[in-house]
Amino acid sequence: MRVDRFLSNLPRFNRRQVRLLLVERRVSVEGVTVSDPHHEVREFSQVCVDGEVLQAGKPARYFMLHKPQGCVSATADPQHPTVLDLLNEPDKGTLHIAGRLDYNTTGLMLITNDGQWSRRLTQPTTKLPKVYRVETAQEIGPEYAVTFKAGLYFAFEDLTTQPAELELLGPTTARLSIIEGRYHQVKRMFGHFNNKVIALHRERMGPLQLDPSLAPGDYRALTDDEIRQV
Ligand code: URA
């Protein structure tokens with residue numbers, strides 16, 4: 001939200017007073033004096049007027065998990081363990097998953113309480129690639145790469161998938177880079193050739209690579225640098 005709207009939503013200031021506060025350079029966001037009424041204020045930002053804290057700002061949290069097989073990408077499930085069960089953190093109810101994985105898919109899973117950040121990672125419009133290592137039941141033919149690059153029509157969503165890159169690693173293994181993350185997208189793409197995906201592992205989302213030191217089930221907080229890269 002814009003800082004002028006944030007301040008004029010508070011009962012103590014009207015719009016004229018807010019304009020003056022900004023012009024008189026009495027407002028700070030994250031400790032930095034702000035005079036631009038459009039300056040962005042988030043739930044994570046500390047906002048002060050004349051040094052008085054009007055919003056403390058809550059900590060933004062970002063984690064990278066190596067998702068193991070046999071757990072669901074949900075915050076709660078009546079039957080199965082969830083990825084959140086693997087996190088030993090307070091206030092897990094405020095966290096969400098940026099880009100779900102199927103029950104038996106392994107690899108990079110990002111978990112955060114910052115919705116803007118996770119949308120940047122997952123929205124197809126930002127065109128950040130999600131990179132998977134795929135193992136299939138049958139051989140992967142040369143025609144797959146051509147079809148994936150052209151896009152596949154998904155009748156259920158009535159859309160054609162964005163161009164995807166396929167790199168063959170062996171007769172039945174490949175690295176696939178996709179832009180969007182439709183429901184079971186990778187399995188459906190190989191399903192087009194009646195080729196079953198027997199193992200699926202996400203290696204990367206945009207600029208963030210799964211840390212090789214994380215064993216399945218392990219997680220760590222993202223570094224400031226990793227958070228900024230998204
Ligand atoms: N595509 C799939 O089919 N499954 C996943 O878990 C992720 C992408």
# chains A, B, ... in the order shown; residues from 1 in each chain; ligands from 1
>>> closest_atom_pairs(of="chain A", to="ligand 1", cutoff="9 Å", atoms="only C-alpha atoms and all ligand atoms", output="Markdown table")
| residue | atom | partner | partner_atom_place_in_ligand_line | distance |
| --- | --- | --- | --- | --- |
| A:Gly99 | CA | ligand 1 | 7 (C) | 8.3 |
| A:Arg100 | CA | ligand 1 | 6 (O) | 6.7 |
| A:Leu101 | CA | ligand 1 | 6 (O) | 3.5 |
| A:Asp102 | CA | ligand 1 | 6 (O) | 3.7 |
| A:Tyr103 | CA | ligand 1 | 6 (O) | 7.1 |
| A:Asn104 | CA | ligand 1 | 6 (O) | 7.3 |
| A:Thr105 | CA | ligand 1 | 6 (O) | 4.9 |
| A:Thr106 | CA | ligand 1 | 6 (O) | 7.7 |
| A:Lys130 | CA | ligand 1 | 8 (C) | 8.7 |
| A:Tyr132 | CA | ligand 1 | 8 (C) | 7.7 |
| A:Ile178 | CA | ligand 1 | 8 (C) | 8.9 |
| A:Gly181 | CA | ligand 1 | 8 (C) | 6.3 |
| A:Arg182 | CA | ligand 1 | 1 (N) | 7.2 |
| A:Tyr183 | CA | ligand 1 | 3 (O) | 6.7 |
| A:His184 | CA | ligand 1 | 3 (O) | 3.1 |
| A:Gln185 | CA | ligand 1 | 1 (N) | 4.2 |
| A:Val186 | CA | ligand 1 | 1 (N) | 3.8 |
| A:Lys187 | CA | ligand 1 | 3 (O) | 3.9 |
| A:Arg188 | CA | ligand 1 | 3 (O) | 6.3 |
| A:Met189 | CA | ligand 1 | 3 (O) | 8.0 |
| A:Phe190 | CA | ligand 1 | 3 (O) | 8.9 |
| A:Val197 | CA | ligand 1 | 3 (O) | 8.1 |
| A:Leu200 | CA | ligand 1 | 6 (O) | 6.9 |
| A:His201 | CA | ligand 1 | 6 (O) | 7.8 |
| A:Arg202 | CA | ligand 1 | 7 (C) | 7.4 |
>>> select_by_dssp(residues="segment 136-192 of chain A", states="helix (DSSP H, G or I)", output="PyMOL selection string")
chain A and resi 143-150+185-191
>>> write_last_selection(atoms="N, CA and C atoms", output="CSV table (one decimal), in the first residue's frame")
chain,number,residue,atom,x,y,z
A,143,GLU,N,11.2,-35.9,-30.7
A,143,GLU,CA,10.1,-35.1,-31.0
A,143,GLU,C,9.6,-34.4,-29.7
A,144,TYR,N,9.9,-34.9,-28.6
A,144,TYR,CA,9.4,-34.3,-27.3
A,144,TYR,C,9.8,-32.8,-27.2
A,145,ALA,N,11.1,-32.6,-27.5
A,145,ALA,CA,11.7,-31.2,-27.3
A,145,ALA,C,10.9,-30.2,-28.3
A,146,VAL,N,10.7,-30.7,-29.5
A,146,VAL,CA,10.0,-29.8,-30.5
A,146,VAL,C,8.6,-29.5,-30.0
A,147,THR,N,7.9,-30.5,-29.5
A,147,THR,CA,6.5,-30.3,-29.0
A,147,THR,C,6.4,-29.4,-27.8
A,148,PHE,N,7.4,-29.7,-26.9
A,148,PHE,CA,7.4,-28.9,-25.6
A,148,PHE,C,7.7,-27.4,-25.9
A,149,LYS,N,8.6,-27.2,-26.9
A,149,LYS,CA,9.0,-25.8,-27.3
A,149,LYS,C,7.8,-25.1,-27.9
A,150,ALA,N,7.0,-25.8,-28.7
A,150,ALA,CA,5.9,-25.2,-29.4
A,150,ALA,C,4.7,-24.9,-28.4
A,185,GLN,N,1.7,-30.5,-14.2
A,185,GLN,CA,2.1,-30.0,-15.6
A,185,GLN,C,3.1,-31.0,-16.2
A,186,VAL,N,4.2,-31.3,-15.5
A,186,VAL,CA,5.3,-32.1,-16.1
A,186,VAL,C,4.7,-33.5,-16.5
A,187,LYS,N,4.0,-34.1,-15.6
A,187,LYS,CA,3.4,-35.4,-15.9
A,187,LYS,C,2.5,-35.4,-17.1
A,188,ARG,N,1.7,-34.3,-17.2
A,188,ARG,CA,0.8,-34.2,-18.3
A,188,ARG,C,1.5,-34.0,-19.6
A,189,MET,N,2.6,-33.3,-19.6
A,189,MET,CA,3.4,-33.0,-20.8
A,189,MET,C,4.0,-34.3,-21.3
A,190,PHE,N,4.5,-35.2,-20.4
A,190,PHE,CA,5.0,-36.5,-20.9
A,190,PHE,C,3.9,-37.4,-21.2
A,191,GLY,N,2.8,-37.2,-20.5
A,191,GLY,CA,1.6,-38.0,-20.7
A,191,GLY,C,1.1,-37.8,-22.1
>>> select_by_dssp(residues="segment 5-173 of chain A", states="strand (DSSP E or B)", output="VMD selection string")
chain A and resid 27 to 29 32 to 33 40 47 to 49 52 to 55 62 to 67 72 82 96 to 98 106 to 112 130 to 136 153 to 154 159 to 160 165 to 170 173
>>> residues_around(residues="His96 of chain A", least_positions_apart="3", cutoff="10 Å", atoms="only C-alpha atoms", output="VMD selection string")
chain A and resid 62 73 to 75 84 92 to 93 99 to 100 110 to 115 118
>>> write_last_selection(atoms="C-alpha atoms", output="PDB file, in the first residue's frame")
ATOM      1  CA  TYR A  62      11.807 -17.311   3.727  1.00  0.00           C
ATOM      2  CA  SER A  73       2.474 -29.667  -0.317  1.00  0.00           C
ATOM      3  CA  ALA A  74      -0.257 -28.355   1.916  1.00  0.00           C
ATOM      4  CA  THR A  75      -0.320 -26.540   5.196  1.00  0.00           C
ATOM      5  CA  LEU A  84       5.155 -27.705   7.109  1.00  0.00           C
ATOM      6  CA  LYS A  92       3.739 -21.870  10.933  1.00  0.00           C
ATOM      7  CA  GLY A  93       0.126 -20.881  10.248  1.00  0.00           C
ATOM      8  CA  GLY A  99       4.751 -23.552  -5.975  1.00  0.00           C
ATOM      9  CA  ARG A 100       3.387 -26.896  -4.868  1.00  0.00           C
ATOM     10  CA  LEU A 110      10.176 -22.444  -1.045  1.00  0.00           C
ATOM     11  CA  ILE A 111       8.091 -21.474   1.968  1.00  0.00           C
ATOM     12  CA  THR A 112       7.437 -17.923   3.088  1.00  0.00           C
ATOM     13  CA  ASN A 113       4.989 -15.467   4.655  1.00  0.00           C
ATOM     14  CA  ASP A 114       5.666 -12.894   1.893  1.00  0.00           C
ATOM     15  CA  GLY A 115       2.902 -13.175  -0.715  1.00  0.00           C
ATOM     16  CA  SER A 118       6.111 -15.834  -3.778  1.00  0.00           C
TER      17      SER A 118
END
>>> residues_around(residues="Glu203 of chain A", least_positions_apart="5", cutoff="7 Å", atoms="only C-alpha atoms", output="PyMOL selection string")
chain A and resi 107-108+131-133+209-210
>>> atom_distance(atom1="atom CA of Leu10 of chain A", atom2="atom CA of Pro90 of chain A")
29.4 Å
>>> closest_residue(among="A:Met64, A:Val53, A:Ala155, A:Val47", to="Thr223 of chain A", atoms="only C-alpha atoms")
A:Met64
>>> residues_around(residues="Ser35 of chain A", least_positions_apart="4", cutoff="7 Å", atoms="only C-alpha atoms", output="VMD selection string")
chain A and resid 22 to 23 25
>>> closest_residue(among="A:Asn9, A:Thr172, A:Gln162, A:Ser28", to="Ser45 of chain A", atoms="only C-alpha atoms")
A:Ser28
>>> residues_around(residues="Ile140 of chain A", least_positions_apart="6", cutoff="12 Å", atoms="only C-alpha atoms", output="list of chain:residue names")
A:Val134, A:Val146, A:Leu166, A:Glu167, A:Leu168, A:Leu169, A:Gly170, A:Pro171, A:Thr172, A:Thr173, A:Ala174, A:Arg175, A:Leu176, A:Met189, A:Phe190, A:Gly191, A:His192, A:Phe193, A:Asn194, A:Asn195, A:Lys196, A:Val197
>>> residues_around(residues="Val49 of chain A", least_positions_apart="4", cutoff="12 Å", atoms="only C-alpha atoms", output="number ranges by chain")
A: 3, 7, 12-13, 17-18, 20-22, 24-35, 53-56
>>> decode(residues="segment 120-169 of chain A", atoms="N, CA and C atoms", output="tab-separated table (two decimals), in the first residue's frame")
chain	number	residue	atom	x	y	z
A	120	ARG	N	5.91	-13.35	-7.31
A	120	ARG	CA	6.93	-13.07	-8.34
A	120	ARG	C	7.57	-14.36	-8.83
A	121	LEU	N	7.75	-15.31	-7.92
A	121	LEU	CA	8.38	-16.59	-8.29
A	121	LEU	C	7.47	-17.46	-9.14
A	122	THR	N	6.18	-17.43	-8.82
A	122	THR	CA	5.29	-18.43	-9.42
A	122	THR	C	4.45	-17.91	-10.58
A	123	GLN	N	4.21	-16.58	-10.64
A	123	GLN	CA	3.35	-16.08	-11.72
A	123	GLN	C	3.98	-16.31	-13.08
A	124	PRO	N	3.23	-16.87	-14.04
A	124	PRO	CA	3.81	-17.08	-15.37
A	124	PRO	C	4.30	-15.78	-16.02
A	125	THR	N	3.68	-14.64	-15.66
A	125	THR	CA	4.06	-13.37	-16.31
A	125	THR	C	5.51	-12.98	-16.01
A	126	THR	N	6.04	-13.41	-14.87
A	126	THR	CA	7.44	-13.05	-14.56
A	126	THR	C	8.42	-13.98	-15.29
A	127	LYS	N	7.89	-15.05	-15.87
A	127	LYS	CA	8.66	-15.95	-16.74
A	127	LYS	C	9.91	-16.54	-16.07
A	128	LEU	N	9.81	-16.78	-14.77
A	128	LEU	CA	10.95	-17.42	-14.09
A	128	LEU	C	10.86	-18.94	-14.30
A	129	PRO	N	11.92	-19.55	-14.83
A	129	PRO	CA	11.84	-20.98	-15.12
A	129	PRO	C	11.84	-21.84	-13.86
A	130	LYS	N	11.07	-22.91	-13.91
A	130	LYS	CA	11.12	-23.94	-12.87
A	130	LYS	C	11.76	-25.15	-13.53
A	131	VAL	N	12.85	-25.63	-12.95
A	131	VAL	CA	13.66	-26.65	-13.63
A	131	VAL	C	13.53	-27.98	-12.89
A	132	TYR	N	13.15	-29.01	-13.66
A	132	TYR	CA	12.90	-30.34	-13.10
A	132	TYR	C	13.82	-31.36	-13.75
A	133	ARG	N	14.22	-32.33	-12.95
A	133	ARG	CA	14.88	-33.52	-13.49
A	133	ARG	C	13.80	-34.61	-13.54
A	134	VAL	N	13.67	-35.20	-14.72
A	134	VAL	CA	12.55	-36.11	-14.95
A	134	VAL	C	13.09	-37.48	-15.34
A	135	GLU	N	12.49	-38.52	-14.77
A	135	GLU	CA	12.82	-39.87	-15.22
A	135	GLU	C	11.52	-40.51	-15.69
A	136	THR	N	11.58	-41.15	-16.85
A	136	THR	CA	10.35	-41.68	-17.44
A	136	THR	C	10.43	-43.20	-17.63
A	137	ALA	N	9.27	-43.80	-17.83
A	137	ALA	CA	9.19	-45.26	-18.01
A	137	ALA	C	9.72	-45.67	-19.38
A	138	GLN	N	9.39	-44.88	-20.42
A	138	GLN	CA	9.82	-45.21	-21.79
A	138	GLN	C	10.90	-44.22	-22.25
A	139	GLU	N	11.52	-44.54	-23.35
A	139	GLU	CA	12.53	-43.63	-23.90
A	139	GLU	C	11.91	-42.30	-24.31
A	140	ILE	N	12.70	-41.26	-24.16
A	140	ILE	CA	12.24	-39.91	-24.54
A	140	ILE	C	12.72	-39.65	-25.97
A	141	GLY	N	11.79	-39.45	-26.88
A	141	GLY	CA	12.14	-39.29	-28.29
A	141	GLY	C	12.54	-37.86	-28.62
A	142	PRO	N	13.16	-37.67	-29.79
A	142	PRO	CA	13.60	-36.32	-30.20
A	142	PRO	C	12.42	-35.37	-30.45
A	143	GLU	N	11.24	-35.95	-30.71
A	143	GLU	CA	10.08	-35.09	-31.00
A	143	GLU	C	9.56	-34.38	-29.74
A	144	TYR	N	9.93	-34.88	-28.57
A	144	TYR	CA	9.41	-34.28	-27.34
A	144	TYR	C	9.84	-32.80	-27.24
A	145	ALA	N	11.13	-32.57	-27.49
A	145	ALA	CA	11.67	-31.20	-27.33
A	145	ALA	C	10.95	-30.22	-28.25
A	146	VAL	N	10.65	-30.70	-29.46
A	146	VAL	CA	9.98	-29.84	-30.45
A	146	VAL	C	8.56	-29.49	-29.97
A	147	THR	N	7.86	-30.53	-29.50
A	147	THR	CA	6.47	-30.32	-29.03
A	147	THR	C	6.44	-29.42	-27.79
A	148	PHE	N	7.38	-29.66	-26.87
A	148	PHE	CA	7.39	-28.86	-25.63
A	148	PHE	C	7.72	-27.40	-25.94
A	149	LYS	N	8.59	-27.20	-26.92
A	149	LYS	CA	8.98	-25.83	-27.28
A	149	LYS	C	7.78	-25.09	-27.90
A	150	ALA	N	7.01	-25.81	-28.71
A	150	ALA	CA	5.85	-25.19	-29.38
A	150	ALA	C	4.71	-24.93	-28.38
A	151	GLY	N	4.68	-25.68	-27.27
A	151	GLY	CA	3.59	-25.55	-26.30
A	151	GLY	C	2.57	-26.65	-26.52
A	152	LEU	N	1.98	-27.10	-25.42
A	152	LEU	CA	0.99	-28.18	-25.49
A	152	LEU	C	-0.37	-27.62	-25.08
A	153	TYR	N	-1.41	-28.06	-25.76
A	153	TYR	CA	-2.75	-27.59	-25.42
A	153	TYR	C	-3.28	-28.40	-24.24
A	154	PHE	N	-3.68	-27.70	-23.18
A	154	PHE	CA	-4.31	-28.35	-22.02
A	154	PHE	C	-5.80	-28.01	-22.08
A	155	ALA	N	-6.62	-29.03	-22.44
A	155	ALA	CA	-8.05	-28.78	-22.66
A	155	ALA	C	-8.74	-28.30	-21.38
A	156	PHE	N	-8.35	-28.88	-20.25
A	156	PHE	CA	-9.05	-28.56	-18.99
A	156	PHE	C	-8.96	-27.05	-18.69
A	157	GLU	N	-7.76	-26.49	-18.86
A	157	GLU	CA	-7.59	-25.05	-18.61
A	157	GLU	C	-7.83	-24.21	-19.85
A	158	ASP	N	-7.99	-24.89	-21.01
A	158	ASP	CA	-8.13	-24.22	-22.30
A	158	ASP	C	-6.98	-23.24	-22.52
A	159	LEU	N	-5.76	-23.78	-22.45
A	159	LEU	CA	-4.59	-22.93	-22.69
A	159	LEU	C	-3.49	-23.76	-23.33
A	160	THR	N	-2.58	-23.04	-23.96
A	160	THR	CA	-1.38	-23.69	-24.51
A	160	THR	C	-0.21	-23.32	-23.62
A	161	THR	N	0.54	-24.32	-23.20
A	161	THR	CA	1.64	-24.06	-22.27
A	161	THR	C	2.71	-23.20	-22.96
A	162	GLN	N	3.41	-22.41	-22.18
A	162	GLN	CA	4.47	-21.56	-22.73
A	162	GLN	C	5.64	-22.43	-23.15
A	163	PRO	N	6.47	-21.92	-24.07
A	163	PRO	CA	7.59	-22.73	-24.56
A	163	PRO	C	8.44	-23.28	-23.42
A	164	ALA	N	8.71	-24.59	-23.47
A	164	ALA	CA	9.51	-25.24	-22.43
A	164	ALA	C	10.77	-25.82	-23.09
A	165	GLU	N	11.84	-25.84	-22.32
A	165	GLU	CA	13.13	-26.35	-22.82
A	165	GLU	C	13.35	-27.76	-22.30
A	166	LEU	N	13.69	-28.67	-23.19
A	166	LEU	CA	14.00	-30.05	-22.76
A	166	LEU	C	15.44	-30.36	-23.12
A	167	GLU	N	16.18	-30.83	-22.12
A	167	GLU	CA	17.58	-31.25	-22.35
A	167	GLU	C	17.66	-32.72	-22.01
A	168	LEU	N	18.01	-33.55	-22.99
A	168	LEU	CA	18.11	-34.99	-22.73
A	168	LEU	C	19.37	-35.30	-21.95
A	169	LEU	N	19.23	-36.08	-20.87
A	169	LEU	CA	20.39	-36.44	-20.06
A	169	LEU	C	20.74	-37.92	-20.26
